[in-house]
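So the structure is just underneath, and the comments pick up after that.
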Amino acid sequence: MANQTNEPMDEDDYIDIDDTGPEGLKGADGGYAWEEEYKRSWDVIQEDASGSIQSSIMDINDQRKRRRRLRDTAAIRRGIIRHVVVVVDQSENMGTRDMHPSRIQATLSVLEQFVGEFFDQNPISQLSVVATKDRLAEKLTDLSGNPMDHIGALREKTNRDLAGEPSLQNALELAMHALRRAPTHGSREILCIFGSLTTCDPGDIEQTLEALKSSEIRVSMVHLAAEVHVFRKICQETSGMFAVAVDDDNMKDALFENIPPPPVVSAKATSEMIQMGFSIKANGFNCSAFG
């Protein structure tokens with residue numbers, strides 16, 4: 001309570017805003033915070049004998065890979081055959097330069113790395129790429145197990161043009177149409193990379209969400225701006241992942257979280273034998289053996 005008189009305040013009337021005293025400002029090593037050594041992240045990268053930093057960068061990437069592989073150590077049933085459709089936002093919002101050199105350039109660069117790493121860890125899976133811009137959706141590549149097809153499509157100059165607003169509903173409908181032809185023994189997934197905070201859809205996206213759930217298609221999204229309620233809702237109700245990337249490295253980490261196969265949660269999933277063929281050499285001729 002404030003002192004309403006003109007009399008001088010006693011010592012007890014003063015409030016000590018630092019109840020912890022000087023000892024509370026000390027760190028774990030007993031020294032003050034401003035006395036600790038400043039940690040510079042760029043000191044992690046060291047030059048080799050030739051003056052190159054490539055070896056340090058490769059070591060950092062290898063450490064990231066090991067962390068991702070050791071992160072999930074629990075015994076979880078996962079599928080080994082996956083069918084994934086990657087949806088890329090190519091609206092005008094992807095031209096924003098809050099990532100270097102722009103959102104679309106950073107996204108396509110990370111996606112090239114994603115494709116290579118995806119088939120490295122999922123060699124018998126298939127991937128497709130869909131782009132959405134100008135309120136439409138366009139399929140850039142069909143479901144295929146050849147990574148060079150997808151990387152080539154991402155590098156094409158015509159696929160880097162930006163226009164209008166995206167349509168999440170059209171992109172999901174196109175992806176669902178492609179995944180309906182996928183066999184039931186593999187997982188069906190959609191991975192979206194969006195930079196727009198809006199979506200211009202022709203109908204009710206709630207109906208698309210119900211179709212996704214009935215088809216047991218898992219939707220995940222990495223957003224480059226902020227969390228949007230409808231985007232997060234679709235991911236949550238289809239057992240997918242939603243993340244917001246703040247920079248290039250964060251986007252890469254969020255995308256690479258989708259490389260390991262997701263847990264099998266479908267009640268219809270059963271363990272069945274799949275006939276597969278392997279080439280063998282017999283009497284100088286190449287033959288196919290099934291097992």
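Labeling convention for the structure tokens: chains A, B, ... as they appear, residues from 1 per chain, ligands from 1 in order of appearance.
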Stretch 192-201 of chain A environment, 8 Å, only C-alpha atoms, sequence neighbours closer than 5 positions dropped, as a PDB file with C-alpha atoms, in the first residue's frame:
```pdb
ATOM      1  CA  VAL A  86       3.697 -34.264 -52.106  1.00  0.00           C
ATOM      2  CA  VAL A  87       1.613 -31.089 -52.540  1.00  0.00           C
ATOM      3  CA  VAL A  88       3.576 -27.884 -53.184  1.00  0.00           C
ATOM      4  CA  ASP A  89       2.053 -24.434 -52.818  1.00  0.00           C
ATOM      5  CA  SER A  91       0.819 -19.299 -55.072  1.00  0.00           C
ATOM      6  CA  ASN A  93       2.740 -16.014 -51.258  1.00  0.00           C
ATOM      7  CA  MET A  94       5.606 -18.409 -51.987  1.00  0.00           C
ATOM      8  CA  ARG A 103      10.094 -19.465 -50.062  1.00  0.00           C
ATOM      9  CA  THR A 107      11.168 -25.296 -50.666  1.00  0.00           C
ATOM     10  CA  ARG A 135      -7.064 -21.857 -57.403  1.00  0.00           C
ATOM     11  CA  GLU A 165      -3.978 -18.343 -54.565  1.00  0.00           C
ATOM     12  CA  PRO A 166      -3.714 -22.053 -53.742  1.00  0.00           C
ATOM     13  CA  SER A 167      -6.592 -24.469 -53.410  1.00  0.00           C
ATOM     14  CA  LEU A 168      -6.022 -27.061 -50.726  1.00  0.00           C
ATOM     15  CA  GLN A 169      -9.295 -28.832 -51.507  1.00  0.00           C
ATOM     16  CA  ASN A 170      -8.473 -29.268 -55.207  1.00  0.00           C
ATOM     17  CA  VAL A 219      -2.301 -35.863 -44.303  1.00  0.00           C
ATOM     18  CA  SER A 220       0.723 -33.984 -42.956  1.00  0.00           C
ATOM     19  CA  MET A 221       1.692 -30.370 -43.527  1.00  0.00           C
ATOM     20  CA  VAL A 222       4.641 -28.040 -43.091  1.00  0.00           C
ATOM     21  CA  HIS A 223       3.569 -24.393 -43.124  1.00  0.00           C
ATOM     22  CA  LEU A 224       6.041 -21.618 -43.805  1.00  0.00           C
ATOM     23  CA  ALA A 225       4.131 -18.745 -42.180  1.00  0.00           C
ATOM     24  CA  ALA A 226       1.837 -19.600 -39.263  1.00  0.00           C
ATOM     25  CA  VAL A 228      -3.992 -22.171 -39.702  1.00  0.00           C
TER      26      VAL A 228
END
```
- DSSP alpha helix (DSSP H) residues within stretch 58-250 of chain A, as a ChimeraX atom specification: /A:58-71,103-121,147-155,168-179,205-214,229-237,248-250
- Query: With only C-alpha atoms as the basis for distance, which of A:Leu212, A:Ile205, A:Leu191, A:Leu154 is at the shortest distance from A:Leu111?
  - Reply: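 Closest residue, counting only C-alpha atoms: A:Leu154.
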- Message: For stretch 117-132 of chain A, find every residue with an atom within 8 Å (counting only C-alpha atoms), except residues of its own chain fewer than 4 positions away, and show them as a PyMOL selection string.
- Response: chain A and resi 80-91+113+136-147+150+166-168+170-171+175+259-261
With N, CA and C atoms kept, could you save the residues just selected as an mmCIF file, in the first residue's frame?
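out.cif, freshly written:
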```
data_model
loop_
_atom_site.group_PDB
_atom_site.id
_atom_site.type_symbol
_atom_site.label_atom_id
_atom_site.label_comp_id
_atom_site.auth_asym_id
_atom_site.auth_seq_id
_atom_site.Cartn_x
_atom_site.Cartn_y
_atom_site.Cartn_z
ATOM 1 N N ILE A 80 6.195 -50.835 -44.786
ATOM 2 C CA ILE A 80 7.408 -50.636 -45.583
ATOM 3 C C ILE A 80 7.072 -50.204 -46.999
ATOM 4 N N ILE A 81 5.828 -50.339 -47.410
ATOM 5 C CA ILE A 81 5.408 -49.913 -48.742
ATOM 6 C C ILE A 81 4.509 -48.692 -48.579
ATOM 7 N N ARG A 82 4.962 -47.580 -49.099
ATOM 8 C CA ARG A 82 4.250 -46.313 -48.911
ATOM 9 C C ARG A 82 3.942 -45.686 -50.268
ATOM 10 N N HIS A 83 2.803 -44.987 -50.297
ATOM 11 C CA HIS A 83 2.409 -44.226 -51.478
ATOM 12 C C HIS A 83 2.150 -42.799 -51.001
ATOM 13 N N VAL A 84 3.038 -41.883 -51.380
ATOM 14 C CA VAL A 84 3.031 -40.521 -50.847
ATOM 15 C C VAL A 84 2.849 -39.527 -51.995
ATOM 16 N N VAL A 85 1.937 -38.586 -51.807
ATOM 17 C CA VAL A 85 1.750 -37.485 -52.745
ATOM 18 C C VAL A 85 2.207 -36.204 -52.055
ATOM 19 N N VAL A 86 3.174 -35.513 -52.647
ATOM 20 C CA VAL A 86 3.697 -34.264 -52.106
ATOM 21 C C VAL A 86 2.990 -33.103 -52.802
ATOM 22 N N VAL A 87 2.333 -32.247 -52.020
ATOM 23 C CA VAL A 87 1.613 -31.089 -52.540
ATOM 24 C C VAL A 87 2.436 -29.839 -52.257
ATOM 25 N N VAL A 88 2.746 -29.087 -53.311
ATOM 26 C CA VAL A 88 3.576 -27.884 -53.184
ATOM 27 C C VAL A 88 2.729 -26.661 -53.511
ATOM 28 N N ASP A 89 2.737 -25.707 -52.611
ATOM 29 C CA ASP A 89 2.053 -24.434 -52.818
ATOM 30 C C ASP A 89 2.884 -23.578 -53.778
ATOM 31 N N GLN A 90 2.275 -23.189 -54.907
ATOM 32 C CA GLN A 90 2.948 -22.322 -55.870
ATOM 33 C C GLN A 90 2.158 -21.032 -56.075
ATOM 34 N N SER A 91 1.553 -20.558 -55.005
ATOM 35 C CA SER A 91 0.819 -19.299 -55.072
ATOM 36 C C SER A 91 1.789 -18.128 -54.960
ATOM 37 N N GLN A 113 16.362 -32.716 -51.768
ATOM 38 C CA GLN A 113 17.048 -33.528 -50.765
ATOM 39 C C GLN A 113 16.085 -34.529 -50.140
ATOM 40 N N LEU A 136 -6.180 -23.767 -58.658
ATOM 41 C CA LEU A 136 -6.240 -25.059 -59.329
ATOM 42 C C LEU A 136 -5.146 -25.966 -58.782
ATOM 43 N N ALA A 137 -5.217 -27.246 -59.152
ATOM 44 C CA ALA A 137 -4.198 -28.221 -58.770
ATOM 45 C C ALA A 137 -3.741 -28.957 -60.023
ATOM 46 N N GLU A 138 -2.454 -29.203 -60.102
ATOM 47 C CA GLU A 138 -1.876 -29.854 -61.290
ATOM 48 C C GLU A 138 -0.903 -30.939 -60.844
ATOM 49 N N LYS A 139 -1.005 -32.091 -61.484
ATOM 50 C CA LYS A 139 -0.095 -33.190 -61.169
ATOM 51 C C LYS A 139 1.184 -33.036 -61.989
ATOM 52 N N LEU A 140 2.310 -32.925 -61.292
ATOM 53 C CA LEU A 140 3.598 -32.780 -61.973
ATOM 54 C C LEU A 140 4.214 -34.132 -62.310
ATOM 55 N N THR A 141 4.069 -35.104 -61.421
ATOM 56 C CA THR A 141 4.578 -36.453 -61.671
ATOM 57 C C THR A 141 3.574 -37.470 -61.150
ATOM 58 N N ASP A 142 3.516 -38.619 -61.814
ATOM 59 C CA ASP A 142 2.668 -39.722 -61.361
ATOM 60 C C ASP A 142 3.379 -40.498 -60.251
ATOM 61 N N LEU A 143 2.639 -41.376 -59.598
ATOM 62 C CA LEU A 143 3.233 -42.239 -58.586
ATOM 63 C C LEU A 143 4.316 -43.095 -59.231
ATOM 64 N N SER A 144 5.531 -42.955 -58.730
ATOM 65 C CA SER A 144 6.672 -43.645 -59.321
ATOM 66 C C SER A 144 7.729 -43.886 -58.268
ATOM 67 N N GLY A 145 8.546 -44.907 -58.506
ATOM 68 C CA GLY A 145 9.653 -45.217 -57.612
ATOM 69 C C GLY A 145 10.983 -44.712 -58.131
ATOM 70 N N ASN A 146 10.959 -43.877 -59.177
ATOM 71 C CA ASN A 146 12.190 -43.335 -59.747
ATOM 72 C C ASN A 146 12.399 -41.922 -59.227
ATOM 73 N N PRO A 147 13.380 -41.697 -58.367
ATOM 74 C CA PRO A 147 13.556 -40.350 -57.794
ATOM 75 C C PRO A 147 13.939 -39.303 -58.834
ATOM 76 N N HIS A 150 11.006 -37.215 -60.252
ATOM 77 C CA HIS A 150 10.486 -36.168 -59.370
ATOM 78 C C HIS A 150 11.474 -35.001 -59.258
ATOM 79 N N PRO A 166 -3.645 -20.587 -53.672
ATOM 80 C CA PRO A 166 -3.714 -22.053 -53.742
ATOM 81 C C PRO A 166 -5.115 -22.555 -53.429
ATOM 82 N N SER A 167 -5.337 -23.801 -53.755
ATOM 83 C CA SER A 167 -6.592 -24.469 -53.410
ATOM 84 C C SER A 167 -6.253 -25.796 -52.757
ATOM 85 N N LEU A 168 -6.339 -25.829 -51.449
ATOM 86 C CA LEU A 168 -6.022 -27.061 -50.726
ATOM 87 C C LEU A 168 -7.010 -28.165 -51.062
ATOM 88 N N ASN A 170 -8.758 -28.693 -53.891
ATOM 89 C CA ASN A 170 -8.473 -29.268 -55.207
ATOM 90 C C ASN A 170 -7.231 -30.150 -55.167
ATOM 91 N N ALA A 171 -6.215 -29.718 -54.417
ATOM 92 C CA ALA A 171 -4.990 -30.512 -54.319
ATOM 93 C C ALA A 171 -5.256 -31.836 -53.604
ATOM 94 N N ALA A 175 -4.958 -35.570 -55.191
ATOM 95 C CA ALA A 175 -4.098 -36.566 -54.543
ATOM 96 C C ALA A 175 -4.894 -37.814 -54.166
ATOM 97 N N ILE A 259 10.030 -38.826 -43.306
ATOM 98 C CA ILE A 259 10.727 -39.858 -44.071
ATOM 99 C C ILE A 259 10.567 -41.246 -43.449
ATOM 100 N N PRO A 260 10.720 -41.432 -42.135
ATOM 101 C CA PRO A 260 10.465 -42.761 -41.565
ATOM 102 C C PRO A 260 9.009 -43.162 -41.756
ATOM 103 N N PRO A 261 8.730 -44.427 -42.009
ATOM 104 C CA PRO A 261 7.338 -44.865 -42.192
ATOM 105 C C PRO A 261 6.503 -44.587 -40.953
#
```
- Would you list, as a ChimeraX atom specification, the residues of stretch 38-191 of chain A that end up in strand (DSSP E) under DSSP run on this structure's backbone? /A:82-89,126-133,136-144,187-191
Go ahead and save the picked residues with C-alpha atoms, as a PDB file, in the first residue's frame.
```
ATOM      1  CA  ARG A  82       4.250 -46.313 -48.911  1.00  0.00           C
ATOM      2  CA  HIS A  83       2.409 -44.226 -51.478  1.00  0.00           C
ATOM      3  CA  VAL A  84       3.031 -40.521 -50.847  1.00  0.00           C
ATOM      4  CA  VAL A  85       1.750 -37.485 -52.745  1.00  0.00           C
ATOM      5  CA  VAL A  86       3.697 -34.264 -52.106  1.00  0.00           C
ATOM      6  CA  VAL A  87       1.613 -31.089 -52.540  1.00  0.00           C
ATOM      7  CA  VAL A  88       3.576 -27.884 -53.184  1.00  0.00           C
ATOM      8  CA  ASP A  89       2.053 -24.434 -52.818  1.00  0.00           C
ATOM      9  CA  GLN A 126       6.270 -44.593 -54.568  1.00  0.00           C
ATOM     10  CA  LEU A 127       6.035 -40.815 -54.712  1.00  0.00           C
ATOM     11  CA  SER A 128       4.059 -38.241 -56.681  1.00  0.00           C
ATOM     12  CA  VAL A 129       4.245 -34.429 -56.864  1.00  0.00           C
ATOM     13  CA  VAL A 130       1.230 -32.106 -57.129  1.00  0.00           C
ATOM     14  CA  ALA A 131       1.332 -28.308 -57.392  1.00  0.00           C
ATOM     15  CA  THR A 132      -1.466 -25.874 -56.560  1.00  0.00           C
ATOM     16  CA  LYS A 133      -1.728 -22.286 -57.799  1.00  0.00           C
ATOM     17  CA  LEU A 136      -6.240 -25.059 -59.329  1.00  0.00           C
ATOM     18  CA  ALA A 137      -4.198 -28.221 -58.770  1.00  0.00           C
ATOM     19  CA  GLU A 138      -1.876 -29.854 -61.290  1.00  0.00           C
ATOM     20  CA  LYS A 139      -0.095 -33.190 -61.169  1.00  0.00           C
ATOM     21  CA  LEU A 140       3.598 -32.780 -61.973  1.00  0.00           C
ATOM     22  CA  THR A 141       4.578 -36.453 -61.671  1.00  0.00           C
ATOM     23  CA  ASP A 142       2.668 -39.722 -61.361  1.00  0.00           C
ATOM     24  CA  LEU A 143       3.233 -42.239 -58.586  1.00  0.00           C
ATOM     25  CA  SER A 144       6.672 -43.645 -59.321  1.00  0.00           C
ATOM     26  CA  SER A 187       0.074 -46.779 -46.661  1.00  0.00           C
ATOM     27  CA  ARG A 188      -1.512 -43.746 -48.325  1.00  0.00           C
ATOM     28  CA  GLU A 189      -0.142 -40.359 -47.381  1.00  0.00           C
ATOM     29  CA  ILE A 190      -0.284 -36.721 -48.469  1.00  0.00           C
ATOM     30  CA  LEU A 191       2.476 -34.287 -47.505  1.00  0.00           C
TER      31      LEU A 191
END
```
- Which residue of A:Leu255, A:His229, A:Thr158, A:Val264 approaches A:Val115 most closely, using only C-alpha atoms: A:Leu255
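All residues of protein, DNA or RNA that reach within 9 Å of A:Asp247, judged by only C-alpha atoms and not counting those fewer than 4 positions away in the chain, are Asp98, Met99, His100, Leu224, Met251 and Lys252 of chain A.
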Any chance you can output those residues with N, CA and C atoms as a PDB file, in the first residue's frame?
```pdb
ATOM      1  N   ASP A  98      11.243 -14.128 -46.999  1.00  0.00           N
ATOM      2  CA  ASP A  98      11.648 -14.337 -45.613  1.00  0.00           C
ATOM      3  C   ASP A  98      12.526 -15.574 -45.469  1.00  0.00           C
ATOM      4  N   MET A  99      12.669 -16.346 -46.539  1.00  0.00           N
ATOM      5  CA  MET A  99      13.638 -17.432 -46.618  1.00  0.00           C
ATOM      6  C   MET A  99      14.543 -17.151 -47.808  1.00  0.00           C
ATOM      7  N   HIS A 100      15.755 -17.661 -47.740  1.00  0.00           N
ATOM      8  CA  HIS A 100      16.743 -17.331 -48.768  1.00  0.00           C
ATOM      9  C   HIS A 100      16.716 -18.357 -49.898  1.00  0.00           C
ATOM     10  N   LEU A 224       4.894 -22.511 -43.831  1.00  0.00           N
ATOM     11  CA  LEU A 224       6.041 -21.618 -43.805  1.00  0.00           C
ATOM     12  C   LEU A 224       5.723 -20.258 -43.202  1.00  0.00           C
ATOM     13  N   MET A 251      12.516 -25.975 -41.716  1.00  0.00           N
ATOM     14  CA  MET A 251      11.669 -26.614 -42.721  1.00  0.00           C
ATOM     15  C   MET A 251      12.229 -27.983 -43.109  1.00  0.00           C
ATOM     16  N   LYS A 252      13.539 -28.061 -43.265  1.00  0.00           N
ATOM     17  CA  LYS A 252      14.157 -29.339 -43.626  1.00  0.00           C
ATOM     18  C   LYS A 252      13.936 -30.377 -42.533  1.00  0.00           C
TER      19      LYS A 252
END
```
- Message: Using only C-alpha atoms for the distances, tell me which of A:Asn159, A:Ser52, A:Gln236, A:Ser214 is nearest to A:Arg180.
- Response: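 Of the candidates, the smallest distance to A:Arg180 is held by A:Ser214.
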- Work out how far apart atom CA of A:Thr238 and atom CA of A:Arg218 are and give it in Å to one decimal. 5.1 Å
- Query: So which one's closest to A:Glu210, A:Glu92, A:Asp48, A:Glu237, A:Asp134? Using only C-alpha atoms, please.
  - Reply: A:Glu237
- atom CA of A:Glu112 to atom CA of A:Ala245, straight-line distance in Å: 17.4 Å
